[in-house]
$ cat work35.cif   # mmCIF, C-alpha atoms
data_start
#
loop_
_atom_site.label_atom_id
_atom_site.label_comp_id
_atom_site.auth_asym_id
_atom_site.auth_seq_id
_atom_site.Cartn_x
_atom_site.Cartn_y
_atom_site.Cartn_z
CA MET A 1 0.00 0.00 0.00
CA LYS A 2 2.79 2.35 1.00
CA LYS A 3 4.67 1.55 -2.21
CA PHE A 4 1.57 2.43 -4.25
CA TRP A 5 1.41 5.92 -2.72
CA PHE A 6 5.15 6.47 -3.17
CA ASN A 7 4.81 5.55 -6.85
CA LYS A 8 1.86 7.92 -7.20
CA LEU A 9 3.85 10.69 -5.53
CA ASP A 10 6.74 10.04 -7.94
CA ASP A 11 4.39 10.22 -10.93
CA VAL A 12 2.78 13.47 -9.80
CA THR A 13 6.14 15.11 -9.03
CA GLU A 14 7.55 14.07 -12.39
CA LEU A 15 4.47 15.39 -14.19
CA LEU A 16 4.69 18.78 -12.44
CA LEU A 17 8.43 19.12 -13.05
CA ARG A 18 8.13 18.23 -16.74
CA GLN A 19 5.25 20.67 -17.18
CA ASN A 20 7.26 23.37 -15.46
CA ALA A 21 10.27 22.65 -17.66
CA ARG A 22 8.12 22.84 -20.80
CA THR A 23 6.39 26.12 -19.98
CA GLY A 24 9.07 28.20 -18.27
CA SER A 25 12.73 29.08 -18.57
CA ARG A 26 15.40 28.13 -16.05
CA ARG A 27 15.85 31.80 -15.21
CA SER A 28 12.12 32.34 -14.45
CA PHE A 29 12.18 29.23 -12.24
CA LEU A 30 15.04 30.73 -10.21
CA THR A 31 13.21 34.08 -10.06
CA ASN A 32 10.11 32.39 -8.61
CA VAL A 33 12.15 30.48 -6.06
CA GLY A 34 13.79 33.76 -5.03
CA LYS A 35 10.42 35.49 -4.72
CA SER A 36 9.09 32.66 -2.55
CA LEU A 37 12.08 32.84 -0.23
CA LEU A 38 11.72 36.61 0.01
CA GLY A 39 7.99 36.21 0.75
CA ILE A 40 8.62 33.72 3.54
CA GLY A 41 11.18 36.09 5.03
CA ALA A 42 8.79 39.03 4.86
CA LEU A 43 5.94 37.02 6.39
CA THR A 44 7.88 36.44 9.60
CA VAL A 45 8.30 40.18 10.18
CA LEU A 46 4.66 41.11 9.62
CA PRO A 47 3.07 42.73 12.67
CA VAL A 48 1.02 39.73 13.80
CA LEU A 49 -0.02 39.12 17.40
CA ARG A 50 2.30 36.58 18.93
CA GLY A 51 1.86 34.57 22.10
CA GLY A 52 3.23 36.49 25.06
CA ALA A 53 2.57 39.78 23.34
CA SER A 54 1.21 41.19 26.59
CA GLU A 55 4.74 40.79 27.89
CA ALA A 56 5.53 43.62 25.51
CA ALA A 57 2.44 45.59 26.59
CA ALA A 58 3.11 49.26 26.94
CA GLU A 59 5.09 49.65 30.12
CA LYS A 60 7.85 51.81 31.43
CA GLY A 61 10.52 51.39 34.04
CA ASP A 62 13.33 49.11 35.04
CA PRO A 63 12.14 45.59 35.93
CA ASN A 64 15.09 45.28 38.28
CA SER A 65 13.93 48.25 40.34
CA CYS A 66 11.66 47.70 43.32
CA ASP A 67 9.51 50.61 42.08
CA TYR A 68 8.70 48.82 38.82
CA TRP A 69 4.91 48.57 38.48
CA ARG A 70 4.74 44.77 38.34
CA ASN A 71 6.52 44.52 41.69
CA CYS A 72 3.62 46.09 43.59
CA ALA A 73 3.03 43.00 45.71
CA ILE A 74 6.39 41.25 45.78
CA ASP A 75 8.28 40.15 48.87
CA GLY A 76 11.66 38.78 47.92
CA PHE A 77 14.59 39.21 45.56
CA LEU A 78 14.11 40.24 41.94
CA CYS A 79 15.25 37.46 39.60
CA GLY A 80 16.51 40.00 37.05
CA CYS A 81 19.33 40.82 39.50
CA CYS A 82 20.09 37.16 40.15
CA GLY A 83 21.01 35.87 36.69
CA GLY A 84 17.48 35.53 35.34
CA THR A 85 14.83 38.06 34.22
CA ASN A 86 11.50 39.12 35.70
CA THR A 87 9.86 36.31 33.72
CA SER A 88 12.51 33.57 33.78
CA CYS A 89 14.36 31.85 36.59
CA PRO A 90 18.17 32.01 36.86
CA PRO A 91 20.11 28.94 35.73
CA GLY A 92 20.10 26.20 38.32
CA THR A 93 16.72 27.15 39.78
CA THR A 94 13.22 25.89 39.13
CA PRO A 95 10.01 27.99 39.12
CA SER A 96 7.43 27.09 41.74
CA ASP A 97 4.36 25.62 40.09
CA ILE A 98 2.14 26.65 42.97
CA THR A 99 2.25 30.37 43.45
CA TRP A 100 0.33 33.42 44.48
CA ILE A 101 -1.35 35.67 41.98
CA GLY A 102 -2.26 39.32 42.49
CA THR A 103 -2.93 42.48 40.52
CA CYS A 104 -0.89 45.64 39.86
CA LEU A 105 -1.83 48.92 38.21
CA ASN A 106 0.21 49.65 35.09
CA PRO A 107 0.67 53.45 35.14
CA THR A 108 1.34 53.54 31.40
CA ASP A 109 -2.20 52.54 30.41
CA ASN A 110 -3.86 52.87 33.85
CA ARG A 111 -5.15 49.30 33.79
CA ASN A 112 -4.89 46.56 36.39
CA TYR A 113 -2.99 43.46 35.28
CA VAL A 114 -3.02 40.00 36.81
CA ILE A 115 0.51 39.15 37.95
CA SER A 116 1.86 35.75 38.96
CA TYR A 117 4.67 35.90 41.53
CA ASN A 118 6.34 32.55 40.99
CA ASP A 119 9.35 31.91 43.20
CA CYS A 120 12.54 30.42 41.74
CA CYS A 121 13.73 27.58 43.91
CA GLY A 122 16.51 25.09 44.48
CA LYS A 123 19.39 27.45 45.33
CA SER A 124 20.08 29.50 48.43
CA THR A 125 18.77 33.07 48.71
CA CYS A 126 19.99 35.41 45.93
CA GLY A 127 20.54 38.43 48.17
CA SER A 128 20.44 41.08 45.39
CA CYS A 129 17.63 43.56 44.77
CA GLY A 130 15.57 42.73 47.82
CA CYS A 131 12.09 44.21 47.41
CA GLN A 132 9.11 44.25 49.73
CA ARG A 133 5.91 45.90 48.54
CA ASP A 134 2.75 44.46 50.00
CA LEU A 135 -0.17 45.80 48.00
CA ASN A 136 -3.22 43.62 48.70
CA ASN A 137 -1.08 41.19 50.62
CA THR A 138 -3.06 39.25 53.22
CA PRO A 139 -1.96 37.71 56.54
CA VAL A 140 -0.78 34.09 56.37
CA TYR A 141 -4.12 32.83 57.69
CA ARG A 142 -5.36 33.75 54.23
CA PRO A 143 -2.49 31.97 52.51
CA GLN A 144 -3.67 32.10 48.91
CA THR A 145 -2.93 35.83 48.76
CA SER A 146 -0.07 36.08 51.22
CA ASN A 147 3.35 37.04 49.92
CA HIS A 148 5.12 36.08 53.16
CA LEU A 149 4.98 32.39 52.36
CA ASN A 150 7.85 30.53 50.80
CA TRP A 151 6.08 29.30 47.67
CA CYS A 152 9.06 27.05 46.94
CA SER A 153 7.41 24.55 49.25
CA GLY A 154 5.08 24.06 46.29
CA SER A 155 7.78 23.35 43.72
CA GLN A 156 9.61 20.30 42.42
CA ALA A 157 12.84 21.71 43.78
CA GLY A 158 11.64 22.10 47.37
CA VAL A 159 12.15 24.74 49.99
CA PRO A 160 15.38 26.64 49.14
CA TYR A 161 14.20 30.07 47.89
CA HIS A 162 16.32 32.08 45.45
CA CYS A 163 14.26 34.92 43.91
CA SER A 164 10.81 35.91 42.59
CA LEU A 165 9.32 36.53 39.13
CA SER A 166 6.50 38.89 38.12
CA VAL A 167 4.70 37.40 35.10
CA VAL A 168 1.73 39.10 33.45
CA LEU A 169 -1.18 36.64 33.11
CA GLY A 170 -4.03 38.87 32.00
CA VAL A 171 -5.78 42.20 32.17
CA LYS A 172 -8.23 42.55 35.05
CA ASP A 173 -9.98 45.71 33.89
CA MET B 174 -10.57 19.29 26.32
CA LYS B 175 -7.46 20.10 28.31
CA LEU B 176 -5.97 21.75 25.25
CA ARG B 177 -9.15 23.75 24.70
CA VAL B 178 -9.09 25.05 28.27
CA VAL B 179 -5.41 25.98 28.04
CA LEU B 180 -6.03 27.72 24.71
CA ALA B 181 -9.01 29.58 26.14
CA VAL B 182 -7.00 30.75 29.13
CA LEU B 183 -4.08 31.74 26.91
CA LEU B 184 -6.32 33.58 24.46
CA CYS B 185 -7.90 35.51 27.30
CA THR B 186 -4.50 35.99 28.83
CA PHE B 187 -2.41 37.24 25.98
CA SER B 188 -4.66 39.82 24.45
CA ALA B 189 -3.30 42.95 25.99
CA ALA B 190 -5.96 45.05 24.27
CA ASN B 191 -8.98 43.34 25.84
CA ALA B 192 -9.68 42.73 29.50
CA THR B 193 -9.58 39.08 30.50
CA GLU B 194 -13.06 37.64 30.99
CA LYS B 195 -14.24 38.32 34.57
CA VAL B 196 -14.78 34.69 35.49
CA VAL B 197 -11.31 33.76 34.16
CA THR B 198 -9.76 36.57 36.23
CA ASP B 199 -11.62 35.27 39.28
CA TYR B 200 -10.21 31.81 38.60
CA MET B 201 -6.70 33.26 38.21
CA LEU B 202 -6.87 35.28 41.42
CA ASN B 203 -8.58 32.70 43.62
CA CYS B 204 -7.79 29.22 42.34
CA MET B 205 -5.07 29.10 39.70
CA GLY B 206 -2.18 29.67 42.10
CA CYS B 207 -2.65 26.11 43.38
CA HIS B 208 -4.92 24.31 40.89
CA LEU B 209 -2.83 25.67 37.97
CA ASP B 210 -3.93 27.01 34.60
CA ASP B 211 -5.82 23.97 33.35
CA GLY B 212 -7.07 22.71 36.72
CA ARG B 213 -4.67 19.78 36.79
CA GLY B 214 -3.65 20.51 40.40
CA TYR B 215 -0.37 19.46 41.89
CA ALA B 216 -0.41 15.95 43.28
CA LEU B 217 3.17 16.23 44.54
CA ARG B 218 2.02 18.85 47.05
CA GLY B 219 -1.47 17.51 47.68
CA VAL B 220 -3.41 19.91 45.44
CA PRO B 221 -6.35 17.93 44.01
CA THR B 222 -6.97 17.81 40.29
CA LEU B 223 -10.14 19.39 38.94
CA THR B 224 -9.59 18.27 35.35
CA GLY B 225 -11.84 15.36 34.45
CA TYR B 226 -12.84 14.91 38.09
CA MET B 227 -14.59 17.89 39.65
CA GLY B 228 -18.00 16.97 38.22
CA ASN B 229 -17.93 13.58 39.99
CA PHE B 230 -18.70 15.35 43.28
CA LEU B 231 -22.10 16.38 41.94
CA ALA B 232 -23.12 12.75 41.63
CA VAL B 233 -22.69 11.74 45.28
CA PRO B 234 -24.63 12.94 48.36
CA GLY B 235 -22.88 15.91 49.95
CA GLY B 236 -20.60 16.49 46.97
CA ARG B 237 -22.49 19.46 45.56
CA GLU B 238 -22.29 21.13 48.96
CA PHE B 239 -18.61 20.23 49.34
CA LEU B 240 -17.57 22.19 46.24
CA VAL B 241 -18.92 25.35 47.89
CA GLN B 242 -17.87 24.57 51.46
CA VAL B 243 -14.25 23.65 50.69
CA PRO B 244 -12.09 26.45 52.19
CA GLY B 245 -10.75 27.69 48.84
CA SER B 246 -14.34 28.42 47.78
CA ALA B 247 -16.12 29.33 51.01
CA GLN B 248 -13.36 31.58 52.34
CA SER B 249 -12.54 33.35 49.09
CA ASP B 250 -13.11 37.07 48.69
CA LEU B 251 -15.71 36.42 46.00
CA THR B 252 -19.33 37.39 46.46
CA ASP B 253 -21.95 34.64 46.48
CA ALA B 254 -22.93 35.46 42.90
CA GLU B 255 -19.31 35.51 41.73
CA LEU B 256 -18.57 32.20 43.44
CA ALA B 257 -21.66 30.59 41.90
CA THR B 258 -20.62 31.79 38.43
CA LEU B 259 -17.04 30.64 38.94
CA LEU B 260 -18.03 27.15 40.13
CA ASN B 261 -20.41 26.72 37.18
CA TRP B 262 -17.65 27.86 34.80
CA MET B 263 -15.04 25.58 36.35
CA LEU B 264 -17.32 22.54 36.10
CA HIS B 265 -17.89 23.13 32.40
CA ALA B 266 -14.30 24.12 31.65
CA PHE B 267 -12.50 21.36 33.54
CA SER B 268 -14.91 18.49 33.97
CA PRO B 269 -17.81 18.61 31.50
CA ASP B 270 -17.91 14.85 30.97
CA GLN B 271 -18.49 14.16 34.67
CA ILE B 272 -21.41 16.59 35.13
CA PRO B 273 -24.51 14.48 35.78
CA THR B 274 -27.51 14.84 33.50
CA GLY B 275 -30.00 17.36 34.84
CA PHE B 276 -27.38 19.36 36.69
CA VAL B 277 -28.86 22.61 37.99
CA PRO B 278 -26.22 25.36 38.05
CA TYR B 279 -25.29 26.88 41.39
CA SER B 280 -27.16 30.04 42.28
CA ALA B 281 -26.03 32.91 44.49
CA SER B 282 -28.65 32.09 47.15
CA GLU B 283 -27.57 28.42 47.32
CA VAL B 284 -23.92 29.42 47.61
CA ALA B 285 -24.80 31.96 50.35
CA LYS B 286 -26.49 29.27 52.43
CA LEU B 287 -23.78 26.66 51.99
CA ARG B 288 -20.72 28.78 52.62
CA HIS B 289 -22.05 29.70 56.05
CA HIS B 290 -21.68 26.09 57.12
CA PRO B 291 -17.93 25.55 56.82
CA LEU B 292 -16.38 22.09 56.91
CA VAL B 293 -14.64 21.15 60.13
CA ASP B 294 -12.69 18.16 58.82
CA VAL B 295 -11.98 19.08 55.21
CA ALA B 296 -9.61 16.20 54.41
CA GLY B 297 -11.94 13.69 56.07
CA ALA B 298 -14.99 15.00 54.21
CA ARG B 299 -13.13 14.85 50.92
CA ALA B 300 -11.84 11.32 51.54
CA ALA B 301 -15.38 10.12 52.31
CA LEU B 302 -16.73 11.69 49.10
CA VAL B 303 -13.90 10.30 46.97
CA HIS B 304 -14.63 6.86 48.46
CA GLN B 305 -18.27 7.21 47.40
CA ILE B 306 -17.22 8.34 43.92
CA GLU B 307 -14.89 5.37 43.55
CA GLN B 308 -17.58 2.94 44.65
CA LYS B 309 -20.04 4.49 42.25
CA THR B 310 -17.68 4.33 39.29
CA ALA B 311 -16.60 0.75 40.13
CA ARG B 312 -20.20 -0.46 40.31
CA PRO B 313 -21.30 -2.25 37.11
CA LYS B 314 -24.09 -0.44 35.31
#

$ encode --input "work35.cif" --output "structure tokens"
Amino acid sequence: MKKFWFNKLDDVTELLLRQNARTGSRRSFLTNVGKSLLGIGALTVLPVLRGGASEAAAEKGDPNSCDYWRNCAIDGFLCGCCGGTNTSCPPGTTPSDITWIGTCLNPTDNRNYVISYNDCCGKSTCGSCGCQRDLNNTPVYRPQTSNHLNWCSGSQAGVPYHCSLSVVLGVKD
Amino acid sequence: MKLRVVLAVLLCTFSAANATEKVVTDYMLNCMGCHLDDGRGYALRGVPTLTGYMGNFLAVPGGREFLVQVPGSAQSDLTDAELATLLNWMLHAFSPDQIPTGFVPYSASEVAKLRHHPLVDVAGARAALVHQIEQKTARPK
């Protein structure tokens, strides 16, 4: 059965190539190939919406500064100062799967964004860019919105806490 | 289904221009930290899975009440109406195949009544319900 389809594919390819050879010159063939390559190249730079585009949402400021808008409810060390970024853990650490999620006002567009404060775990405390801002933080008896917990206890890597991320998840309003 | 839920959350999530749907935001802010984006939970740390399971509670006595009385629901900052909407959304998003026929969606008044009777032994209540669910699913039809 497989052989049948391979033979068919051979026949069709041969037919198309012969037809192309009969109707066009070698130079026009090369021109068309060139155009196609150029087209593919141009397509990749078209302004389409890509996944994670909200990461590039209008925002100002230095992510490694405690004043940065996304850090409004963080209690820890900023991963951007520890070998990672504000959305990726430094090498040798693992993001906590379980985390706490809050909201921060983005002063650039005056909208509230949903921010996930995943901790990066598995290495001892980073120690750089310590930042404590407790907007909407709740006491530990309401743990789901408390930033005082070590969320690394909810990670594969376990308790050692290194630093914290601030990832945009959505737009609240 | 799982893929559809993840895609729905991502679509709502990554459109900077439009606000995320209210019920999805409520899920993010009140549940997603532990139950994760697609409701799969985190067995390693004892977070129960919602995906393909949550609806089973509706089919056993006390299960419908449990979904409201469990601390994550009852003690959330959500209003009764918001919690009712969120639970109905979660059931359809994460566990549509387990919802029994004739399911009546939660209402704000039902949620208000139930969340004022918190569970004392949460783990015990859950274990008893899961036992009932397992017996029910093991029983030949």

$ interface_residues --input "work35.cif" --of "chain A" --to "chain B" --cutoff "6 Å" --atoms "only C-alpha atoms" --output "number ranges by chain"
A: 52, 54, 98-101, 169-173

$ resolve_selection --input "work35.cif" --expression "the PyMOL selection byres ((chain B and resi 243) around 9)" --output "PyMOL selection string"
chain B and resi 238-242+244-248+288+291-292+295+299

$ resolve_selection --input "work35.cif" --expression "the PyMOL selection byres ((chain B and resi 303) around 12)" --output "PyMOL selection string"
chain B and resi 221+226-236+239+296-302+304-310

$ closest_residue --input "work35.cif" --among "A:Phe77, A:Trp151, A:Tyr161, A:Tyr113" --to "Glu59 (chain A)" --atoms "only C-alpha atoms"
A:Tyr113

$ atom_distance --input "work35.cif" --atom1 "CA of Ala73 (chain A)" --atom2 "CA of Arg133 (chain A)"
5.0 Å

$ atom_distance --input "work35.cif" --atom1 "CA of Ala216 (chain B)" --atom2 "CA of Gly158 (chain A)"
14.1 Å

$ residues_around --input "work35.cif" --residues "Ile74 (chain A)" --least-positions-apart "3" --cutoff "9 Å" --atoms "all atoms listed in the file" --output "list of chain:residue names"
A:Cys66, A:Arg70, A:Asn71, A:Phe77, A:Leu78, A:Tyr117, A:Cys131, A:Gln132, A:Arg133, A:Asp134, A:Leu135, A:Asn137, A:Asn147, A:Ser164, A:Leu165, A:Ser166

$ atom_distance --input "work35.cif" --atom1 "CA of Ser88 (chain A)" --atom2 "CA of Asp67 (chain A)"
19.2 Å

$ resolve_selection --input "work35.cif" --expression "the PyMOL selection byres ((chain A and resi 84) around 12)" --output "VMD selection string"
chain A and resid 63 to 64 77 to 83 85 to 95 119 to 120 126 128 162 to 166

$ residues_around --input "work35.cif" --residues "Trp69 (chain A)" --least-positions-apart "3" --cutoff "7 Å" --atoms "all atoms listed in the file" --output "number ranges by chain"
A: 72, 104-106

$ decode --input "work35.cif" --residues "region 203-278 of chain B" --atoms "C-alpha atoms" --output "mmCIF file, in the first residue's frame"
data_model
loop_
_atom_site.group_PDB
_atom_site.id
_atom_site.type_symbol
_atom_site.label_atom_id
_atom_site.label_comp_id
_atom_site.auth_asym_id
_atom_site.auth_seq_id
_atom_site.Cartn_x
_atom_site.Cartn_y
_atom_site.Cartn_z
ATOM 1 C CA ASN B 203 -8.578 32.704 43.618
ATOM 2 C CA CYS B 204 -7.791 29.221 42.343
ATOM 3 C CA MET B 205 -5.072 29.105 39.696
ATOM 4 C CA GLY B 206 -2.177 29.666 42.102
ATOM 5 C CA CYS B 207 -2.651 26.107 43.378
ATOM 6 C CA HIS B 208 -4.923 24.309 40.888
ATOM 7 C CA LEU B 209 -2.828 25.667 37.974
ATOM 8 C CA ASP B 210 -3.926 27.011 34.600
ATOM 9 C CA ASP B 211 -5.818 23.969 33.350
ATOM 10 C CA GLY B 212 -7.071 22.709 36.717
ATOM 11 C CA ARG B 213 -4.669 19.781 36.793
ATOM 12 C CA GLY B 214 -3.653 20.512 40.400
ATOM 13 C CA TYR B 215 -0.367 19.464 41.891
ATOM 14 C CA ALA B 216 -0.408 15.953 43.279
ATOM 15 C CA LEU B 217 3.171 16.233 44.536
ATOM 16 C CA ARG B 218 2.022 18.855 47.049
ATOM 17 C CA GLY B 219 -1.471 17.506 47.684
ATOM 18 C CA VAL B 220 -3.406 19.911 45.440
ATOM 19 C CA PRO B 221 -6.348 17.932 44.011
ATOM 20 C CA THR B 222 -6.969 17.809 40.292
ATOM 21 C CA LEU B 223 -10.136 19.392 38.938
ATOM 22 C CA THR B 224 -9.591 18.274 35.353
ATOM 23 C CA GLY B 225 -11.836 15.357 34.447
ATOM 24 C CA TYR B 226 -12.845 14.909 38.093
ATOM 25 C CA MET B 227 -14.589 17.895 39.652
ATOM 26 C CA GLY B 228 -18.004 16.975 38.220
ATOM 27 C CA ASN B 229 -17.931 13.583 39.994
ATOM 28 C CA PHE B 230 -18.699 15.349 43.280
ATOM 29 C CA LEU B 231 -22.099 16.380 41.943
ATOM 30 C CA ALA B 232 -23.122 12.746 41.628
ATOM 31 C CA VAL B 233 -22.690 11.740 45.279
ATOM 32 C CA PRO B 234 -24.627 12.941 48.360
ATOM 33 C CA GLY B 235 -22.881 15.907 49.950
ATOM 34 C CA GLY B 236 -20.600 16.490 46.972
ATOM 35 C CA ARG B 237 -22.487 19.456 45.560
ATOM 36 C CA GLU B 238 -22.288 21.131 48.961
ATOM 37 C CA PHE B 239 -18.609 20.230 49.342
ATOM 38 C CA LEU B 240 -17.569 22.189 46.245
ATOM 39 C CA VAL B 241 -18.922 25.355 47.893
ATOM 40 C CA GLN B 242 -17.868 24.568 51.463
ATOM 41 C CA VAL B 243 -14.255 23.648 50.691
ATOM 42 C CA PRO B 244 -12.087 26.454 52.187
ATOM 43 C CA GLY B 245 -10.750 27.689 48.835
ATOM 44 C CA SER B 246 -14.344 28.415 47.781
ATOM 45 C CA ALA B 247 -16.119 29.330 51.014
ATOM 46 C CA GLN B 248 -13.357 31.575 52.335
ATOM 47 C CA SER B 249 -12.536 33.347 49.091
ATOM 48 C CA ASP B 250 -13.105 37.074 48.685
ATOM 49 C CA LEU B 251 -15.707 36.420 45.998
ATOM 50 C CA THR B 252 -19.335 37.394 46.461
ATOM 51 C CA ASP B 253 -21.955 34.639 46.484
ATOM 52 C CA ALA B 254 -22.935 35.456 42.900
ATOM 53 C CA GLU B 255 -19.309 35.513 41.731
ATOM 54 C CA LEU B 256 -18.569 32.199 43.437
ATOM 55 C CA ALA B 257 -21.656 30.591 41.900
ATOM 56 C CA THR B 258 -20.616 31.791 38.429
ATOM 57 C CA LEU B 259 -17.035 30.640 38.940
ATOM 58 C CA LEU B 260 -18.028 27.147 40.130
ATOM 59 C CA ASN B 261 -20.405 26.720 37.184
ATOM 60 C CA TRP B 262 -17.654 27.864 34.795
ATOM 61 C CA MET B 263 -15.045 25.577 36.345
ATOM 62 C CA LEU B 264 -17.323 22.536 36.102
ATOM 63 C CA HIS B 265 -17.892 23.127 32.400
ATOM 64 C CA ALA B 266 -14.298 24.118 31.653
ATOM 65 C CA PHE B 267 -12.500 21.358 33.536
ATOM 66 C CA SER B 268 -14.906 18.490 33.972
ATOM 67 C CA PRO B 269 -17.809 18.614 31.502
ATOM 68 C CA ASP B 270 -17.911 14.848 30.975
ATOM 69 C CA GLN B 271 -18.490 14.159 34.667
ATOM 70 C CA ILE B 272 -21.408 16.593 35.131
ATOM 71 C CA PRO B 273 -24.514 14.481 35.784
ATOM 72 C CA THR B 274 -27.515 14.842 33.497
ATOM 73 C CA GLY B 275 -29.996 17.358 34.836
ATOM 74 C CA PHE B 276 -27.375 19.364 36.691
ATOM 75 C CA VAL B 277 -28.856 22.608 37.991
ATOM 76 C CA PRO B 278 -26.221 25.355 38.053
#
